[in-house]
file coords.cif (mmCIF, C-alpha atoms and all ligand atoms)
data_coords
loop_
_atom_site.label_atom_id
_atom_site.label_comp_id
_atom_site.auth_asym_id
_atom_site.auth_seq_id
_atom_site.Cartn_x
_atom_site.Cartn_y
_atom_site.Cartn_z
CA MET N 276 18.49 -14.28 39.34
CA SER N 277 19.59 -14.00 35.70
CA MET N 278 22.41 -11.71 34.69
CA ARG N 279 21.22 -8.42 33.26
CA PHE N 280 22.53 -6.60 30.19
CA TYR N 281 22.33 -3.03 28.92
CA ILE N 282 23.09 -1.93 25.33
CA HIS N 283 24.10 1.61 24.40
CA THR N 284 23.81 2.22 20.64
CA MET N 285 25.68 4.85 18.65
CA GLY N 286 25.62 5.58 14.91
CA CYS N 287 23.53 4.38 12.01
CA GLN N 288 20.48 2.19 11.43
CA MET N 289 22.79 -0.76 10.81
CA ASN N 290 23.95 -0.44 14.44
CA GLU N 291 20.37 -0.06 15.67
CA TYR N 292 19.54 -3.29 13.88
CA ASP N 293 22.61 -5.02 15.33
CA SER N 294 21.71 -3.88 18.86
CA GLU N 295 18.19 -5.29 18.50
CA LEU N 296 19.77 -8.53 17.29
CA ILE N 297 22.22 -8.64 20.23
CA SER N 298 19.29 -8.12 22.61
CA GLY N 299 17.34 -11.01 21.04
CA LEU N 300 20.36 -13.31 21.10
CA LEU N 301 21.12 -12.53 24.75
CA LYS N 302 17.51 -13.06 25.83
CA LYS N 303 17.59 -16.47 24.12
CA GLU N 304 20.65 -17.32 26.24
CA GLY N 305 18.74 -16.43 29.42
CA PHE N 306 20.13 -12.90 30.06
CA GLU N 307 17.63 -10.17 30.99
CA PRO N 308 17.58 -6.53 29.91
CA ALA N 309 18.42 -3.80 32.45
CA LEU N 310 17.17 -0.20 32.33
CA SER N 311 20.55 1.46 32.80
CA SER N 312 24.24 0.68 32.60
CA GLY N 313 24.47 1.08 36.39
CA GLU N 314 21.98 -1.75 37.00
CA ALA N 315 23.52 -4.12 34.46
CA ASP N 316 25.95 -6.99 34.95
CA ILE N 317 26.96 -6.70 31.29
CA VAL N 318 27.23 -3.39 29.43
CA LEU N 319 27.53 -3.50 25.64
CA VAL N 320 28.47 -0.36 23.73
CA ASN N 321 27.69 -0.60 20.02
CA THR N 322 30.10 1.92 18.50
CA CYS N 323 30.28 3.90 15.26
CA ALA N 324 33.50 4.67 13.36
CA VAL N 325 32.11 6.64 10.46
CA ARG N 326 33.85 9.82 11.59
CA GLU N 327 36.75 10.45 13.91
CA LEU N 328 34.46 12.30 16.28
CA ALA N 329 32.08 9.32 16.43
CA ALA N 330 34.93 6.94 17.32
CA GLU N 331 36.23 9.29 20.05
CA LYS N 332 32.66 9.64 21.38
CA ALA N 333 32.56 5.86 21.75
CA TYR N 334 35.71 5.85 23.89
CA SER N 335 34.54 8.79 25.93
CA TYR N 336 31.17 7.07 26.62
CA LEU N 337 33.03 3.91 27.62
CA GLY N 338 35.30 6.01 29.82
CA SER N 339 32.30 7.59 31.51
CA ILE N 340 30.60 4.29 32.34
CA LEU N 341 33.87 2.78 33.47
CA LYS N 342 34.32 5.68 35.88
CA LYS N 343 30.72 5.86 37.08
CA ASP N 344 29.34 2.38 37.00
CA LYS N 345 31.99 -0.23 36.51
CA LYS N 346 31.86 -2.55 39.46
CA SER N 347 34.57 -5.13 39.67
CA GLU N 348 32.14 -7.85 38.59
CA GLN N 349 30.62 -5.89 35.67
CA THR N 350 31.49 -7.04 32.13
CA VAL N 351 32.03 -4.33 29.54
CA VAL N 352 31.81 -5.23 25.84
CA MET N 353 32.74 -2.96 22.96
CA CYS N 354 30.85 -3.86 19.77
CA GLY N 355 30.39 -2.19 16.38
CA CYS N 356 32.72 -0.61 13.87
CA VAL N 357 35.27 0.87 16.31
CA ALA N 358 35.56 -2.60 17.86
CA GLU N 359 36.33 -4.09 14.44
CA GLN N 360 38.83 -1.37 13.58
CA ASP N 361 40.70 -1.21 16.88
CA GLY N 362 40.45 -4.89 17.91
CA ALA N 363 43.02 -5.76 20.56
CA GLY N 364 44.11 -2.09 20.51
CA ALA N 365 40.85 -1.20 22.29
CA LEU N 366 41.68 -3.67 25.08
CA LYS N 367 45.09 -2.02 25.45
CA ARG N 368 43.65 1.51 25.32
CA MET N 369 41.07 0.89 28.06
CA ASN N 370 41.67 -1.54 30.83
CA GLY N 371 38.00 -1.69 31.78
CA ILE N 372 36.92 -3.14 28.43
CA ASP N 373 36.62 -6.91 28.73
CA LEU N 374 35.56 -8.00 25.27
CA VAL N 375 35.79 -6.48 21.80
CA VAL N 376 33.31 -7.92 19.30
CA GLY N 377 33.21 -6.80 15.64
CA PRO N 378 29.96 -6.59 13.63
CA ALA N 379 30.55 -9.90 11.84
CA ARG N 380 30.87 -11.73 15.18
CA ILE N 381 27.83 -10.41 17.06
CA ARG N 382 25.77 -13.45 16.14
CA GLU N 383 28.13 -15.36 18.46
CA ILE N 384 27.64 -12.92 21.34
CA GLY N 385 25.90 -15.39 23.69
CA ARG N 386 28.66 -17.98 23.35
CA ILE N 387 31.42 -15.34 23.65
CA LEU N 388 29.92 -13.95 26.86
CA LYS N 389 29.39 -17.36 28.42
CA ILE N 390 33.04 -18.29 27.81
CA PHE N 391 34.20 -14.95 29.28
CA LEU N 392 32.00 -15.35 32.36
CA LYS N 393 33.70 -18.71 32.98
CA ASN N 394 37.33 -17.88 32.26
CA GLY N 395 37.47 -14.06 32.65
CA LYS N 396 39.91 -13.82 29.73
CA ARG N 397 39.86 -10.42 27.98
CA LYS N 398 39.80 -11.02 24.23
CA ASP N 399 38.93 -9.46 20.87
CA PHE N 400 36.63 -11.20 18.38
CA THR N 401 37.00 -9.50 15.03
CA GLY N 402 37.41 -10.42 11.36
CA ASP N 403 35.04 -10.92 8.46
CA LEU N 404 32.92 -14.03 8.72
CA SER N 405 30.12 -15.36 6.61
CA VAL N 406 26.82 -14.53 8.31
CA ASP N 407 24.34 -17.12 9.58
CA TRP N 408 21.20 -15.17 8.68
CA LYS N 409 18.98 -17.63 10.60
CA GLU N 410 20.10 -15.92 13.83
CA ASP N 411 18.36 -12.73 12.65
CA ALA N 412 15.00 -14.36 13.39
CA LEU N 413 15.81 -13.78 17.10
CA ILE N 414 15.92 -10.00 16.77
CA ASP N 415 14.33 -8.11 19.67
CA ARG N 416 12.64 -5.15 17.99
CA SER N 417 12.08 -1.84 19.73
CA SER N 418 11.26 0.54 16.90
CA GLY N 419 7.49 1.02 17.21
CA GLU N 420 5.59 0.19 14.06
CA LYS N 421 8.71 0.39 11.90
CA ALA N 422 11.08 -2.49 11.39
CA TRP N 423 14.51 -2.60 9.80
CA VAL N 424 15.24 -5.73 7.82
CA THR N 425 18.85 -6.15 6.77
CA VAL N 426 19.13 -7.44 3.20
CA SER N 427 22.90 -7.60 2.99
CA LYS N 428 25.92 -7.01 5.16
CA GLY N 429 29.21 -5.30 4.31
CA CYS N 430 30.24 -3.34 1.24
CA ASN N 431 32.49 -3.93 -1.76
CA SER N 432 32.71 -0.33 -2.94
CA PHE N 433 35.80 0.96 -1.11
CA CYS N 434 35.03 4.66 -1.35
CA SER N 435 38.36 6.13 -0.38
CA TYR N 436 37.14 7.90 2.79
CA CYS N 437 34.95 5.12 4.20
CA VAL N 438 35.64 2.58 6.95
CA VAL N 439 32.60 0.42 6.29
CA PRO N 440 34.31 -2.18 4.04
CA LEU N 441 37.11 -2.40 6.63
CA ALA N 442 34.74 -2.61 9.61
CA ARG N 443 31.88 -4.65 8.17
CA GLY N 444 33.67 -6.76 5.58
CA ARG N 445 32.64 -7.80 2.10
CA GLU N 446 29.10 -7.66 0.86
CA GLU N 447 26.97 -10.73 1.47
CA SER N 448 23.32 -10.85 0.43
CA ARG N 449 20.72 -12.44 2.66
CA PRO N 450 18.59 -15.07 0.90
CA ALA N 451 15.49 -13.45 -0.64
CA GLU N 452 13.09 -16.05 0.78
CA ASP N 453 14.44 -15.33 4.29
CA ILE N 454 13.85 -11.58 3.83
CA ILE N 455 10.34 -12.11 2.46
CA GLU N 456 9.43 -14.53 5.26
CA THR N 457 10.76 -12.06 7.86
CA ALA N 458 8.82 -9.17 6.31
CA ALA N 459 5.61 -11.25 6.11
CA GLY N 460 5.95 -12.18 9.80
CA LEU N 461 6.48 -8.54 10.79
CA ILE N 462 3.45 -7.36 8.81
CA LYS N 463 1.32 -10.07 10.45
CA THR N 464 2.37 -8.91 13.90
CA GLY N 465 1.35 -5.31 13.12
CA TYR N 466 4.42 -3.56 11.71
CA ARG N 467 3.36 -0.89 9.23
CA GLU N 468 6.68 0.07 7.74
CA ILE N 469 9.36 -2.35 6.60
CA ASN N 470 12.70 -0.75 5.78
CA LEU N 471 15.06 -2.86 3.72
CA LEU N 472 18.56 -2.01 4.81
CA ALA N 473 21.96 -2.35 3.12
CA GLN N 474 25.04 -0.22 2.58
CA ASN N 475 24.10 -0.37 -1.08
CA VAL N 476 20.72 -1.90 -1.93
CA ASN N 477 21.50 -1.60 -5.65
CA THR N 478 24.09 -4.38 -5.53
CA TYR N 479 21.82 -6.76 -3.59
CA GLY N 480 22.02 -10.27 -5.01
CA LYS N 481 25.14 -9.72 -7.13
CA ASP N 482 27.10 -12.17 -4.95
CA LYS N 483 24.49 -14.91 -5.35
CA LYS N 484 23.50 -16.61 -8.56
CA ASP N 485 19.83 -17.09 -7.79
CA ALA N 486 19.05 -14.18 -5.42
CA GLY N 487 17.61 -11.87 -8.13
CA GLY N 488 18.20 -8.14 -7.95
CA PHE N 489 16.93 -5.57 -5.48
CA PRO N 490 13.99 -4.32 -7.61
CA GLU N 491 12.59 -7.88 -7.74
CA LEU N 492 13.03 -8.24 -3.99
CA LEU N 493 11.33 -4.90 -3.36
CA SER N 494 8.38 -5.87 -5.56
CA LYS N 495 8.02 -9.22 -3.81
CA VAL N 496 7.94 -7.57 -0.37
CA ALA N 497 5.47 -4.94 -1.62
CA ALA N 498 3.22 -7.72 -2.95
CA LEU N 499 2.74 -9.20 0.56
CA GLU N 500 -0.75 -8.97 2.08
CA GLY N 501 -1.50 -6.29 4.65
CA ALA N 502 -1.61 -2.56 5.43
CA PHE N 503 2.04 -1.57 5.32
CA ARG N 504 4.62 0.19 3.22
CA VAL N 505 8.17 -0.68 2.33
CA GLY N 506 11.19 1.62 2.11
CA PHE N 507 14.88 1.07 1.45
CA LYS N 508 18.28 2.55 2.27
CA THR N 509 20.91 3.29 0.92
CA ALA N 510 21.22 3.34 -2.88
CA HIS N 511 24.59 3.99 -4.54
CA PRO N 512 24.15 6.34 -7.56
CA ARG N 513 26.74 4.33 -9.55
CA ASP N 514 24.60 1.18 -9.51
CA PHE N 515 21.21 2.84 -9.88
CA SER N 516 18.80 0.87 -12.03
CA GLU N 517 15.57 2.21 -13.54
CA LYS N 518 13.94 -1.06 -12.51
CA ILE N 519 13.67 0.30 -8.98
CA LEU N 520 11.58 3.20 -10.33
CA GLU N 521 9.43 0.78 -12.32
CA ALA N 522 8.86 -1.22 -9.14
CA ALA N 523 7.86 1.94 -7.24
CA GLU N 524 5.59 3.05 -10.09
CA SER N 525 3.71 -0.23 -9.97
CA SER N 526 3.06 -0.36 -6.21
CA LYS N 527 1.52 2.18 -3.84
CA LYS N 528 3.23 0.40 -0.96
CA ILE N 529 6.77 1.27 -2.07
CA MET N 530 8.12 4.40 -0.42
CA ARG N 531 9.27 7.20 -2.70
CA ASN N 532 12.32 8.52 -0.94
CA PHE N 533 15.55 7.92 -2.84
CA HIS N 534 18.58 8.47 -0.67
CA LEU N 535 21.44 8.76 -3.15
CA PRO N 536 24.65 10.05 -1.55
CA LEU N 537 26.31 12.57 -3.89
CA GLN N 538 29.27 13.29 -1.55
CA SER N 539 30.81 15.96 -3.81
CA GLY N 540 29.83 18.02 -6.84
CA SER N 541 33.36 18.03 -8.25
CA ASP N 542 34.27 15.32 -10.78
CA ARG N 543 37.89 15.59 -9.70
CA ILE N 544 37.03 14.92 -6.05
CA LEU N 545 34.52 12.18 -6.93
CA LYS N 546 37.34 10.38 -8.71
CA ILE N 547 39.65 10.60 -5.71
CA MET N 548 36.77 9.45 -3.53
CA ASN N 549 36.49 6.38 -5.82
CA ARG N 550 32.74 6.89 -6.15
CA GLY N 551 32.52 5.43 -9.66
CA TYR N 552 30.27 8.13 -11.20
CA ASP N 553 30.56 11.72 -12.29
CA THR N 554 28.23 14.67 -11.90
CA LYS N 555 26.66 14.08 -15.34
CA HIS N 556 25.67 10.54 -14.37
CA TYR N 557 24.33 11.74 -11.03
CA LEU N 558 22.14 14.41 -12.64
CA GLU N 559 20.76 11.84 -15.11
CA VAL N 560 19.81 9.57 -12.21
CA ALA N 561 18.32 12.53 -10.29
CA ALA N 562 16.20 13.50 -13.31
CA LYS N 563 14.85 9.94 -13.56
CA VAL N 564 13.97 9.91 -9.85
CA ARG N 565 12.18 13.26 -10.21
CA ARG N 566 10.03 11.86 -13.02
CA LEU N 567 8.42 9.45 -10.52
CA SER N 568 5.48 11.37 -9.11
CA GLY N 569 5.62 12.10 -5.39
CA SER N 570 9.30 11.16 -5.10
CA SER N 571 11.86 12.85 -2.89
CA LEU N 572 15.61 12.93 -3.37
CA THR N 573 17.95 13.12 -0.39
CA THR N 574 21.69 12.89 -0.14
CA ASP N 575 24.93 12.92 1.87
CA ILE N 576 27.68 15.48 1.28
CA ILE N 577 31.22 15.64 2.64
CA VAL N 578 32.80 19.10 2.75
CA GLY N 579 36.54 19.68 3.02
CA PHE N 580 37.74 16.39 1.49
CA PRO N 581 41.56 16.55 1.15
CA GLY N 582 42.51 18.94 -1.64
CA GLU N 583 38.97 20.33 -2.06
CA THR N 584 39.41 23.80 -3.58
CA GLU N 585 36.94 26.66 -3.55
CA GLU N 586 36.17 25.75 -7.18
CA ASP N 587 35.46 22.12 -6.22
CA PHE N 588 33.18 23.28 -3.45
CA GLU N 589 31.35 25.66 -5.77
CA GLY N 590 30.74 22.60 -7.95
CA THR N 591 29.06 20.98 -4.94
CA LEU N 592 26.86 24.05 -4.41
CA GLU N 593 25.90 24.04 -8.07
CA MET N 594 25.07 20.33 -8.05
CA PHE N 595 23.09 20.73 -4.84
CA ALA N 596 20.99 23.47 -6.42
CA ARG N 597 20.51 21.57 -9.69
CA ALA N 598 19.50 18.33 -7.98
CA ALA N 599 17.30 20.48 -5.64
CA PHE N 600 17.67 18.03 -2.79
CA ASP N 601 14.73 17.67 -0.42
CA SER N 602 17.17 17.22 2.44
CA ALA N 603 20.74 16.18 3.11
CA TYR N 604 23.13 14.89 5.72
CA MET N 605 26.21 17.09 5.50
CA PHE N 606 29.50 16.46 7.22
CA LYS N 607 32.94 17.98 7.61
CA TYR N 608 35.58 15.54 6.39
CA SER N 609 37.70 13.77 8.98
CA PRO N 610 40.26 11.09 8.04
CA ARG N 611 39.52 7.54 9.11
CA LYS N 612 42.31 5.18 10.00
CA GLY N 613 43.10 2.54 7.35
CA THR N 614 41.23 4.23 4.49
CA ALA N 615 42.92 5.26 1.22
CA ALA N 616 41.98 8.92 1.81
CA SER N 617 43.69 8.97 5.20
CA LYS N 618 47.01 8.91 3.30
CA LEU N 619 46.06 12.22 1.67
CA GLY N 620 46.18 14.14 4.94
CA ASP N 621 43.51 16.61 6.00
CA SER N 622 44.51 19.70 4.05
CA VAL N 623 41.36 21.85 4.28
CA PRO N 624 41.54 24.00 7.42
CA LYS N 625 38.80 23.54 10.04
CA GLY N 626 37.57 27.13 9.60
CA VAL N 627 37.22 26.67 5.83
CA LYS N 628 35.29 23.42 6.34
CA GLU N 629 32.96 25.15 8.78
CA GLU N 630 32.37 28.07 6.45
CA ARG N 631 31.63 25.71 3.51
CA LEU N 632 29.29 23.63 5.63
CA ALA N 633 27.39 26.78 6.67
CA ARG N 634 26.99 27.85 3.01
CA LEU N 635 25.72 24.41 2.09
CA MET N 636 23.29 24.35 4.99
CA ALA N 637 21.90 27.73 3.94
CA LEU N 638 21.35 26.33 0.45
CA GLN N 639 19.70 23.24 1.87
CA ARG N 640 17.13 25.44 3.67
CA LYS N 641 16.23 26.93 0.27
CA THR N 642 16.00 23.66 -1.67
CA GLY N 643 14.17 21.98 1.24
CA LEU N 644 11.59 24.76 1.39
CA ALA N 645 11.17 24.77 -2.38
CA SER N 646 10.55 21.00 -2.38
CA ASN N 647 8.07 21.19 0.53
CA LYS N 648 5.98 24.17 -0.64
CA PRO N 649 4.23 22.38 -3.53
CA LEU N 650 2.72 19.99 -0.96
CA ILE N 651 0.68 22.79 0.66
CA GLY N 652 -2.98 22.10 -0.02
CA THR N 653 -2.44 18.39 -0.72
CA VAL N 654 -3.68 15.54 1.45
CA GLN N 655 -0.94 13.08 2.37
CA GLU N 656 -1.17 9.59 3.78
CA VAL N 657 1.07 9.65 6.81
CA LEU N 658 2.34 6.92 9.11
CA ILE N 659 2.44 8.16 12.69
CA ASP N 660 5.92 7.99 14.12
CA GLY N 661 5.38 7.21 17.78
CA ALA N 662 8.93 8.15 18.63
CA THR N 663 8.67 11.81 17.65
CA ARG N 664 5.59 13.27 19.35
CA SER N 665 6.53 16.71 20.56
CA GLY N 666 4.96 19.89 21.94
CA GLY N 667 1.46 18.36 21.90
CA LYS N 668 1.88 17.60 18.20
CA VAL N 669 2.18 14.26 16.55
CA CYS N 670 4.72 13.61 13.85
CA GLY N 671 4.21 11.33 10.91
CA LYS N 672 5.96 10.57 7.66
CA THR N 673 4.64 10.71 4.12
CA LEU N 674 5.37 8.05 1.52
CA SER N 675 8.28 10.24 0.38
CA GLU N 676 9.56 10.39 4.01
CA LYS N 677 8.73 14.01 4.67
CA GLN N 678 7.94 14.84 8.28
CA VAL N 679 4.47 16.24 8.98
CA PHE N 680 3.42 17.67 12.36
CA PHE N 681 -0.26 17.84 13.32
CA GLU N 682 -2.57 17.84 16.36
CA ALA N 683 -3.92 14.43 17.32
CA GLY N 684 -4.66 12.31 20.36
CA LYS N 685 -1.78 10.37 21.86
CA GLU N 686 -3.60 7.11 21.27
CA LEU N 687 -3.70 7.59 17.49
CA LYS N 688 -1.58 5.06 15.60
CA GLY N 689 -0.98 3.75 12.11
CA PHE N 690 -1.88 5.45 8.82
CA VAL N 691 -3.88 8.69 8.81
CA ARG N 692 -4.63 11.37 6.24
CA VAL N 693 -3.30 14.86 6.82
CA ALA N 694 -4.10 18.04 4.89
CA VAL N 695 -0.84 20.01 4.53
CA ALA N 696 -1.33 23.63 5.59
CA SER N 697 2.20 25.04 5.69
CA ALA N 698 5.77 24.13 4.81
CA GLY N 699 9.19 24.84 6.26
CA PRO N 700 12.65 23.81 5.02
CA PHE N 701 12.69 20.61 7.06
CA SER N 702 9.06 19.65 7.66
CA LEU N 703 5.39 20.25 6.97
CA LYS N 704 2.49 21.19 9.22
CA GLY N 705 -1.07 20.09 8.68
CA GLU N 706 -4.44 19.01 10.00
CA LEU N 707 -5.83 15.59 10.47
CA VAL N 708 -8.50 14.72 7.91
CA LYS N 709 -11.29 12.95 9.76
S1 LIG N 801 29.28 2.58 -0.79
FE1 LIG N 801 31.13 3.72 -0.22
S2 LIG N 801 30.42 5.12 1.39
FE2 LIG N 801 28.85 3.53 1.21
S3 LIG N 801 29.42 1.99 2.73
FE3 LIG N 801 30.36 1.35 0.78
S4 LIG N 801 32.43 2.21 0.83
FE4 LIG N 801 31.22 3.29 2.42
#
call {"tool": "encode", "arguments": {"input": "coords.cif", "output": "structure tokens", "more": "lines below"}}
Ligand code: SF4
result
Amino acid sequence: MSMRFYIHTMGCQMNEYDSELISGLLKKEGFEPALSSGEADIVLVNTCAVRELAAEKAYSYLGSILKKDKKSEQTVVMCGCVAEQDGAGALKRMNGIDLVVGPARIREIGRILKIFLKNGKRKDFTGDLSVDWKEDALIDRSSGEKAWVTVSKGCNSFCSYCVVPLARGREESRPAEDIIETAAGLIKTGYREINLLAQNVNTYGKDKKDAGGFPELLSKVAALEGAFRVGFKTAHPRDFSEKILEAAESSKKIMRNFHLPLQSGSDRILKIMNRGYDTKHYLEVAAKVRRLSGSSLTTDIIVGFPGETEEDFEGTLEMFARAAFDSAYMFKYSPRKGTAASKLGDSVPKGVKEERLARLMALQRKTGLASNKPLIGTVQEVLIDGATRSGGKVCGKTLSEKQVFFEAGKELKGFVRVAVASAGPFSLKGELVK
């Protein structure tokens, strides 16, 4: 019988993509998937290092499987950003971990495992390597009718708080023809939503002479035949180009959610964060996005960055209200090892961070509700999201990525039309238009 593997995924869409890729690569090598870590011969934990808590969660999950399930013959592999950051340190910290494989090395996972199964030598495989994008064709997708397609790996921005450039290396764009071919294949096999994924889509192609920019790539994907739509994440406000709006304007298939992380509404803090824009620039970009009909603007905010004063934070509240974000991911700052900001300490007390986060969340409820209310009475084309059926209701997403709940049979799939009847701060409710 073949050896069986189980993957536990933590963190962002990039990790979800990587886990699907690991699964495809292992199946190609003859391994079979298991339903739980207890049944598996090989357990892979794809970790996230974006916040201190996330990294500790990774170790505590590993600790729990090592206690519960680890049989002497079971192989435990730590992958993802914590693996890259801690390298051999992870092997020292936990005896039960056999292999440590950073994000740039996962395309070698089959070979690495086969060598380990022969020689039993615990080892870390980290470091930034150029990616062989051909391996991505083997991806084993498990995300319903939605598919992530990575368009570049790594990041060159070095925001002072962020581990991504340290954990995922320098930016490297995937060839455009490879992306288009992958998207065309997915659409043919029935995928209805293609999400182009990068740490910063706006710099796509800058490392390659003939790759073209992201707006061109987006338009080419949108021009493919079939009933689908195409979205993208994430866009750095510093590199925002109006061409992306022109592309969206000219195609009904391009999704209208712009996720532009603001991070702080204080110019002083933005400078220390090394974000490369100020609040004036951000508001100009936000105004352009708002001029595109049916668009939504979402963001990420960090509260309690080292040295953040009450005045700085009030700047964030003001910016949040002026940009009138549809929704936001908001986090309390925690220092990450190896980043420039980690040298600044963690001066804002936990209680102050919590209080600021609560104020921001209260504001988000207001701006979210205000952005959802105008949709009452409209009919939206919604893609059913199979993963989020709840309480007898079905959930779908509009072209601007707003969640809509409505009654429908479980068998219903694909695009439907929904009349929006009511709005809350985080979602809409409606009725299926037959
Ligand atoms: S743009 Fe900044 S925050 Fe985003 S991944 Fe790159 S370094 Fe991190």
call {"tool": "atom_distance", "arguments": {"input": "coords.cif", "atom1": "atom CA of Lys396 of chain N", "atom2": "atom CA of Gly364 of chain N"}}
result
15.5 Å
call {"tool": "residues_around", "arguments": {"input": "coords.cif", "residues": "segment 582-588 of chain N", "least_positions_apart": "5", "cutoff": "12 Å", "atoms": "all atoms listed in the file", "output": "PyMOL selection string"}}
result
chain N and resi 538-545+547-548+554+576-577+593-595+607-608+616+619-624+627-628+630-632+634-635
call {"tool": "atom_distance", "arguments": {"input": "coords.cif", "atom1": "atom CA of Leu301 of chain N", "atom2": "atom CA of Asp407 of chain N"}}
result
16.2 Å
call {"tool": "closest_residue", "arguments": {"input": "coords.cif", "among": "N:Glu521, N:Asp403, N:Asp293, N:Asp575", "to": "ligand LIG 801 (chain N)", "atoms": "only C-alpha atoms and all ligand atoms"}}
result
N:Asp575
call {"tool": "closest_atom_pairs", "arguments": {"input": "coords.cif", "of": "chain N", "to": "ligand LIG 801 (chain N)", "cutoff": "8 Å", "atoms": "all atoms listed in the file", "output": "tab-separated table"}}
result
residue	atom	partner	partner_atom	distance
N:Gly429	CA	N:LIG801	S3	7.5
N:Cys430	CA	N:LIG801	FE3	4.7
N:Asn431	CA	N:LIG801	FE3	6.2
N:Ser432	CA	N:LIG801	S4	4.6
N:Phe433	CA	N:LIG801	S4	4.1
N:Cys434	CA	N:LIG801	FE1	4.2
N:Ser435	CA	N:LIG801	S4	7.2
N:Tyr436	CA	N:LIG801	S2	7.4
N:Cys437	CA	N:LIG801	FE4	4.5
N:Val438	CA	N:LIG801	FE4	6.4
N:Val439	CA	N:LIG801	FE4	5.0
N:Pro440	CA	N:LIG801	S4	5.8
N:Gln474	CA	N:LIG801	S3	4.9
N:Asn475	CA	N:LIG801	S1	6.0
N:Thr509	CA	N:LIG801	FE2	7.9
N:His511	CA	N:LIG801	S1	6.2
N:Arg550	CA	N:LIG801	FE1	6.9
call {"tool": "atom_distance", "arguments": {"input": "coords.cif", "atom1": "atom CA of Ala324 of chain N", "atom2": "atom CA of Met353 of chain N"}}
result
12.3 Å
call {"tool": "residues_around", "arguments": {"input": "coords.cif", "residues": "Gly419 of chain N", "least_positions_apart": "5", "cutoff": "12 Å", "atoms": "only C-alpha atoms", "output": "PyMOL selection string"}}
result
chain N and resi 461+464-469+658-663+688-689
call {"tool": "residues_around", "arguments": {"input": "coords.cif", "residues": "segment 334-337 of chain N", "least_positions_apart": "2", "cutoff": "10 Å", "atoms": "only C-alpha atoms", "output": "PyMOL selection string"}}
result
chain N and resi 283+285+318-320+322+329-332+339-343+345+351-353+357+365+368-369+371-372
call {"tool": "residues_near_point", "arguments": {"input": "coords.cif", "point": "(16.6, -13.6, 25.7)", "cutoff": "12 Å", "atoms": "all atoms listed in the file", "output": "ChimeraX atom specification"}}
result
/N:277-280,295-308,384-385,413-415
call {"tool": "closest_residue", "arguments": {"input": "coords.cif", "among": "N:Ala358, N:Ala422, N:Ala698, N:Leu535", "to": "Gly402 of chain N", "atoms": "only C-alpha atoms"}}
result
N:Ala358
call {"tool": "axis_aligned_box", "arguments": {"input": "coords.cif", "around": "segment 448-462 of chain N", "padding_each_side": "4 Å", "output": "lines of an AutoDock Vina configuration file"}}
result
center_x = 13.4
center_y = -11.7
center_z = 5.1
size_x = 27.9
size_y = 16.7
size_z = 19.4
call {"tool": "residues_around", "arguments": {"input": "coords.cif", "residues": "Ala598 of chain N", "least_positions_apart": "5", "cutoff": "12 Å", "atoms": "only C-alpha atoms", "output": "JSON, numbers by chain"}}
result
{"N": [535, 536, 537, 540, 554, 555, 556, 557, 558, 559, 560, 561, 562, 563, 564, 565, 571, 572, 573, 574, 591, 592, 593, 603, 638, 639, 642, 643, 645, 646]}
call {"tool": "write_last_selection", "arguments": {"input": "coords.cif", "atoms": "C-alpha atoms", "output": "mmCIF file, in the coordinates of the input"}}
result
data_model
loop_
_atom_site.group_PDB
_atom_site.id
_atom_site.type_symbol
_atom_site.label_atom_id
_atom_site.label_comp_id
_atom_site.auth_asym_id
_atom_site.auth_seq_id
_atom_site.Cartn_x
_atom_site.Cartn_y
_atom_site.Cartn_z
ATOM 1 C CA LEU N 535 21.440 8.760 -3.150
ATOM 2 C CA PRO N 536 24.650 10.050 -1.550
ATOM 3 C CA LEU N 537 26.310 12.570 -3.890
ATOM 4 C CA GLY N 540 29.830 18.020 -6.840
ATOM 5 C CA THR N 554 28.230 14.670 -11.900
ATOM 6 C CA LYS N 555 26.660 14.080 -15.340
ATOM 7 C CA HIS N 556 25.670 10.540 -14.370
ATOM 8 C CA TYR N 557 24.330 11.740 -11.030
ATOM 9 C CA LEU N 558 22.140 14.410 -12.640
ATOM 10 C CA GLU N 559 20.760 11.840 -15.110
ATOM 11 C CA VAL N 560 19.810 9.570 -12.210
ATOM 12 C CA ALA N 561 18.320 12.530 -10.290
ATOM 13 C CA ALA N 562 16.200 13.500 -13.310
ATOM 14 C CA LYS N 563 14.850 9.940 -13.560
ATOM 15 C CA VAL N 564 13.970 9.910 -9.850
ATOM 16 C CA ARG N 565 12.180 13.260 -10.210
ATOM 17 C CA SER N 571 11.860 12.850 -2.890
ATOM 18 C CA LEU N 572 15.610 12.930 -3.370
ATOM 19 C CA THR N 573 17.950 13.120 -0.390
ATOM 20 C CA THR N 574 21.690 12.890 -0.140
ATOM 21 C CA THR N 591 29.060 20.980 -4.940
ATOM 22 C CA LEU N 592 26.860 24.050 -4.410
ATOM 23 C CA GLU N 593 25.900 24.040 -8.070
ATOM 24 C CA ALA N 603 20.740 16.180 3.110
ATOM 25 C CA LEU N 638 21.350 26.330 0.450
ATOM 26 C CA GLN N 639 19.700 23.240 1.870
ATOM 27 C CA THR N 642 16.000 23.660 -1.670
ATOM 28 C CA GLY N 643 14.170 21.980 1.240
ATOM 29 C CA ALA N 645 11.170 24.770 -2.380
ATOM 30 C CA SER N 646 10.550 21.000 -2.380
#
call {"tool": "closest_residue", "arguments": {"input": "coords.cif", "among": "N:Gly652, N:Thr614, N:Met605, N:Arg597", "to": "Ala633 of chain N", "atoms": "only C-alpha atoms"}}
result
N:Met605
call {"tool": "closest_residue", "arguments": {"input": "coords.cif", "among": "N:Arg380, N:Arg531, N:Lys546, N:Lys428", "to": "Gly480 of chain N", "atoms": "all atoms listed in the file"}}
result
N:Lys428
